[in-house]
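Participant: I am attaching a structure below and will ask some questions about it afterwards.
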Amino acid sequence: MAELKFNKNGRLLFTKEMKREYTILCPMMLPIHFELFVNVFRNCGYKVELLTNDGPNIVQEGLKYVHNDTCYPALLVIGQFMDALHSGKYDLDRTALIITQTGGGCRASNYIHLLRKALHKAGMDHIPVISLNLSGLESNPGFHLSLSIIRKMAAAMVYGDMLMLLHNQTKPYETTSGSSQALVDTWTQRLSQQFNENKGMTLKEEEQNLREIVRDFAKLSIHKTRKVKVGIVGEIYVKYAAFANNHLEDFLAEQGCEVNVPGLMNFLLFKVDNRLEDIRLYGGSRIKFAVVQKLFAYLTKIQDLFCHILETEGNGKFEIPGSYAHIKKLVRGVIGYGNKMGEGWLLTAEMLELAESGYENIVCAQPFGCLPNHICGKGMVHKIKAVNPKSNIVPIDYDPSATKVNQENRIKLMLAVARENLAQSE
């Protein structure tokens with residue numbers, strides 16, 4: 001067992017010796033993206049394992065260590081960690097945990113402290129917790145985000161968005177069951193191998209990979225039929241993590257729907273753009289503004305390439321998501337750009353963009369008590385319907401006391417209206 005070392009504030013550090021010996025557990029959120037992210041870290045010498053444990057045990061474990069009034073995603077992430085640590089699968093003297101920390105005022109900055117508190121309560125103070133952040137909030141001698149890792153993570157996000165989008169648009173219509181998922185698995189392995197060879201990161205390589213991905217999905221045998229189209233928005237964790245939203249995507253598929261879940265690219269652009277908006281609204285360093293503006297321009301260039309490839313290689317088979325510039329324009333006069341806590345105005349914008357692109361039936365998944373979501377999601381439904389009368393939105397609360405039956409019944413009511421509207425349009 002590696003020697004335990006602490007910083008001057010008494011925080012347990014993840015050391016260079018631990019990098020060689022320890023297994024790092026990573027919580028699940030987005031299956032395709034996180035599989036690629038985990039493979040990036042493995043290729044860079046870290047022993048990372050993506051947690052897939054699911055079920056009611058997650059909530060029960062979370063409730064043992066996190067107060068019921070605390071953010072539901074925090075309860076689930078910590079519950080998944082504690083459930084895994086208690087499973088007996090891991091050597092607790094050679095196990096570490098990793099969690100994101102954004103530096104904002106919402107959940108992603110504070111989970112890490114709640115997690116350490118849970119470990120202390122469980123008598124596991126010797127398990128180090130690694131902060132994954134770009135804000136310099138915490139550092140560890142055995143964990144470093146090199147430029148290579150950052151480039152690979154950025155590329156993995158773009159690939160993950162493309163694979164998720166194409167999978168969602170082909171799976172409901174595939175003539176051979178499982179063919180779309182098989183293609184996702186093939187490309188996940190292929191991209192991970194490229195990362196291992198330090199390939200697939202440049203714009204030229206990304207363009208080539210994205211073109212081949214779209215071509216492969218365009219070749220899939222599908223039979224298009226009229227289906228109810230449903231978009232999923234909400235707090236980022238409950239929106240994406242299947243066990244957080246009671247496997248919402250699977251439920252909608254069982255109801256015969258095509259599902260659209262917006263990708264991570266616009267969320268990343270939103271976070272970068274917020275730094276620019278802060279300086280515009282409140283003043284700040286011109287140098288910082290120039291640096292952030294260059295990063296924003298680079299990400300925008302990638303998104304433009306993403307949409308262009310979908311349009312040119314998709315043979316008209318795929319719905320092209322709205323660009324960041326477009327969805328930002330949609331909320332002008334609807335909600336202020338200074339509203340950026342949590343998902344902020346982006347949540348409202350995603351609903352407007354979904355409704356505009358034919359996915360007017362929307363499930364807004366929100367943790368009960370999440371104030372930013374209730375304001376920018378549930379609180380904006382009336383205004384969104386005023387802007388686009390076709391909008392058919394149902395906000396669904398997720399927390400330990402919410403029953404799956406009640407949630408699904410409310411969604412079924414929304415789908416009943418959606419089917420009526422579809423019949424009338426035909």
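We name chains A, B, ... following the order of the structure tokens; residues begin at 1 in each chain, and ligands are numbered from 1 as shown.
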Residues at most 7 Å from stretch 149-164 of chain A, counting only C-alpha atoms, excluding those fewer than 6 positions away in the same chain, as a compact mmCIF listing (two decimals) with N, CA and C atoms, in the first residue's frame?
Facilitator:
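After the write, around.txt holds the following:
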# COMPACT_ATOMS: atom_id res chain seq x y z
N ILE A 32 -21.77 6.49 -23.72
CA ILE A 32 -20.86 6.56 -24.86
C ILE A 32 -19.68 7.49 -24.56
N HIS A 33 -19.99 8.69 -24.12
CA HIS A 33 -18.94 9.67 -23.82
C HIS A 33 -17.99 9.17 -22.74
N LEU A 36 -15.46 6.56 -23.66
CA LEU A 36 -14.33 7.16 -24.36
C LEU A 36 -13.42 7.92 -23.39
N PHE A 37 -14.01 8.68 -22.45
CA PHE A 37 -13.22 9.43 -21.47
C PHE A 37 -12.35 8.48 -20.65
N VAL A 40 -9.44 7.20 -22.51
CA VAL A 40 -8.39 8.22 -22.61
C VAL A 40 -7.47 8.15 -21.41
N VAL A 184 -22.12 1.70 -32.70
CA VAL A 184 -21.59 2.53 -31.61
C VAL A 184 -20.42 1.82 -30.93
N PHE A 195 -6.78 6.96 -29.90
CA PHE A 195 -6.24 7.75 -28.80
C PHE A 195 -4.99 7.11 -28.23
N MET A 201 -7.04 13.43 -32.78
CA MET A 201 -7.21 14.65 -31.98
C MET A 201 -7.18 15.94 -32.79
N GLY A 263 -26.56 17.15 -27.10
CA GLY A 263 -25.23 16.73 -26.70
C GLY A 263 -24.53 17.69 -25.76
N LEU A 264 -23.24 17.40 -25.51
CA LEU A 264 -22.45 18.18 -24.56
C LEU A 264 -21.82 19.43 -25.16
N MET A 265 -21.73 19.48 -26.49
CA MET A 265 -20.99 20.57 -27.12
C MET A 265 -21.55 21.94 -26.75
Participant: Would you mind listing, for every residue of stretch 250-367 of chain A within 12 Å of stretch 388-411 of chain A, the two atoms forming the shortest contact and the distance between them in Å to one decimal, using only C-alpha atoms, sorted by chain and ascending residue number, as JSON lines?
Facilitator:
{"residue": "A:Asp250", "atom": "CA", "partner": "A:Glu408", "partner_atom": "CA", "distance": 11.6}
{"residue": "A:Phe251", "atom": "CA", "partner": "A:Glu408", "partner_atom": "CA", "distance": 8.1}
{"residue": "A:Leu252", "atom": "CA", "partner": "A:Ile411", "partner_atom": "CA", "distance": 8.8}
{"residue": "A:Glu254", "atom": "CA", "partner": "A:Glu408", "partner_atom": "CA", "distance": 11.6}
{"residue": "A:Gln255", "atom": "CA", "partner": "A:Ile411", "partner_atom": "CA", "distance": 10.2}
{"residue": "A:Cys257", "atom": "CA", "partner": "A:Ile411", "partner_atom": "CA", "distance": 11.9}
{"residue": "A:Leu330", "atom": "CA", "partner": "A:Asn388", "partner_atom": "CA", "distance": 11.1}
{"residue": "A:Val334", "atom": "CA", "partner": "A:Asn388", "partner_atom": "CA", "distance": 11.8}
{"residue": "A:Thr348", "atom": "CA", "partner": "A:Ile393", "partner_atom": "CA", "distance": 11.6}
{"residue": "A:Met351", "atom": "CA", "partner": "A:Ser391", "partner_atom": "CA", "distance": 8.5}
{"residue": "A:Leu352", "atom": "CA", "partner": "A:Asn388", "partner_atom": "CA", "distance": 7.6}
{"residue": "A:Glu353", "atom": "CA", "partner": "A:Asn388", "partner_atom": "CA", "distance": 10.2}
{"residue": "A:Leu354", "atom": "CA", "partner": "A:Ser391", "partner_atom": "CA", "distance": 9.0}
{"residue": "A:Ala355", "atom": "CA", "partner": "A:Ser391", "partner_atom": "CA", "distance": 5.9}
{"residue": "A:Glu356", "atom": "CA", "partner": "A:Asn388", "partner_atom": "CA", "distance": 7.7}
{"residue": "A:Ser357", "atom": "CA", "partner": "A:Ser391", "partner_atom": "CA", "distance": 11.0}
{"residue": "A:Gly358", "atom": "CA", "partner": "A:Lys390", "partner_atom": "CA", "distance": 9.3}
{"residue": "A:Tyr359", "atom": "CA", "partner": "A:Ser391", "partner_atom": "CA", "distance": 8.5}
{"residue": "A:Glu360", "atom": "CA", "partner": "A:Ser391", "partner_atom": "CA", "distance": 4.8}
{"residue": "A:Asn361", "atom": "CA", "partner": "A:Asn392", "partner_atom": "CA", "distance": 4.7}
{"residue": "A:Ile362", "atom": "CA", "partner": "A:Ile393", "partner_atom": "CA", "distance": 4.7}
{"residue": "A:Val363", "atom": "CA", "partner": "A:Val394", "partner_atom": "CA", "distance": 5.2}
{"residue": "A:Cys364", "atom": "CA", "partner": "A:Pro395", "partner_atom": "CA", "distance": 4.5}
{"residue": "A:Ala365", "atom": "CA", "partner": "A:Ile396", "partner_atom": "CA", "distance": 5.1}
{"residue": "A:Gln366", "atom": "CA", "partner": "A:Asp397", "partner_atom": "CA", "distance": 5.1}
{"residue": "A:Pro367", "atom": "CA", "partner": "A:Tyr398", "partner_atom": "CA", "distance": 4.8}
Participant: Please list as a list in words every residue within 12 Å of A:Gly379, counting only C-alpha atoms and excluding residues in the same chain fewer than 2 positions away.
Facilitator: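 With the cut-off at 12 Å, the set is Val334, Ile335, Gly344, Trp345, Leu347, Thr348, Cys364, Gln366, Cys370, Leu371, Pro372, Asn373, His374, Ile375, Cys376, Gly377, Val381, His382, Lys383, Ile384, Lys385, Ile393, Val394 and Pro395 of chain A.
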Participant: Please return as an MDAnalysis selection string: the residues of stretch 181-386 of chain A that backbone DSSP assigns to strand (DSSP E or B).
Facilitator: chainID A and resid 222 228:234 257:260 361:367
Participant: For A:Phe14, work out the shell of residues within 10 Å, counting only C-alpha atoms and skipping chain neighbours fewer than 4 positions away, then give it as JSON, numbers by chain.
Facilitator: {"A": [2, 4, 5, 6, 18, 19, 22, 96, 97, 127, 128, 129, 130, 131, 139, 140, 141, 142, 143]}
Participant: Where does DSSP see helix (DSSP H, G or I) in stretch 82-266 of chain A, if you list the residues as a ChimeraX atom specification?
Facilitator: /A:82-85,92-94,107-121,147-173,179-196,203-218,236-240,248-254,265-266
Participant: Which is closer to A:Pro73 than all the others in A:Asn245, A:Thr95, A:Thr175, A:Asn315, using only C-alpha atoms?
Facilitator: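 Checking each of A:Asn245, A:Thr95, A:Thr175, A:Asn315 against A:Pro73, counting only C-alpha atoms, the winner is A:Asn245.
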Participant: Got a sec: who's within 9 Å of A:Val66, counting only C-alpha atoms, leaving out chain neighbours fewer than 6 positions off, as a PyMOL selection string?
Facilitator: chain A and resi 74-75+78-79+114-115+117-118
Participant: Fewer than 6 positions away in the same chain doesn't count, so skip those; otherwise give me all residues within 7 Å of A:Tyr173, counting only C-alpha atoms, as a PyMOL selection string.
Facilitator: chain A and resi 222-224
Participant: In terms of the shortest atom-to-atom distance over only C-alpha atoms, which of A:Val214, A:Leu165, A:Leu220, A:Val230 is closest to A:Ser179?
Facilitator: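 Ranked by minimum distance to A:Ser179, first place goes to A:Leu220.
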Participant: In terms of the shortest atom-to-atom distance over only C-alpha atoms, which of A:Gln189, A:Gln424, A:Thr300, A:Asn339 is closest to A:Asn39?
Facilitator: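 Selected residue with least distance to A:Asn39: A:Gln189.
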Participant: When distances are computed from only C-alpha atoms, which of A:Gly123, A:Gly338, A:Gly10, A:Pro27 shows the smallest separation from A:Tyr282?
Facilitator: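 Counting only C-alpha atoms, the residue closest to A:Tyr282 is A:Gly338.
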Participant: Point out the residue among A:Leu119, A:Ile279, A:Arg20, A:Thr102 with the least atom-to-atom distance to A:Leu137, counting only C-alpha atoms.
Facilitator: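 Among the listed residues, the smallest separation from A:Leu137 belongs to A:Thr102.
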Participant: Quick one: distance from atom CA of A:Phe217 to atom CA of A:Asp185 in Å, one decimal?
Facilitator: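 Spanning atom CA of A:Phe217 to atom CA of A:Asp185 is a straight-line distance of 12.5 Å.
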Participant: Smallest atom-to-atom distance to A:Arg116: which of A:Ala418, A:Val228, A:Leu295, A:Leu12, using only C-alpha atoms?
Facilitator: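 Of A:Ala418, A:Val228, A:Leu295, A:Leu12, the one nearest A:Arg116 is A:Leu12, counting only C-alpha atoms.
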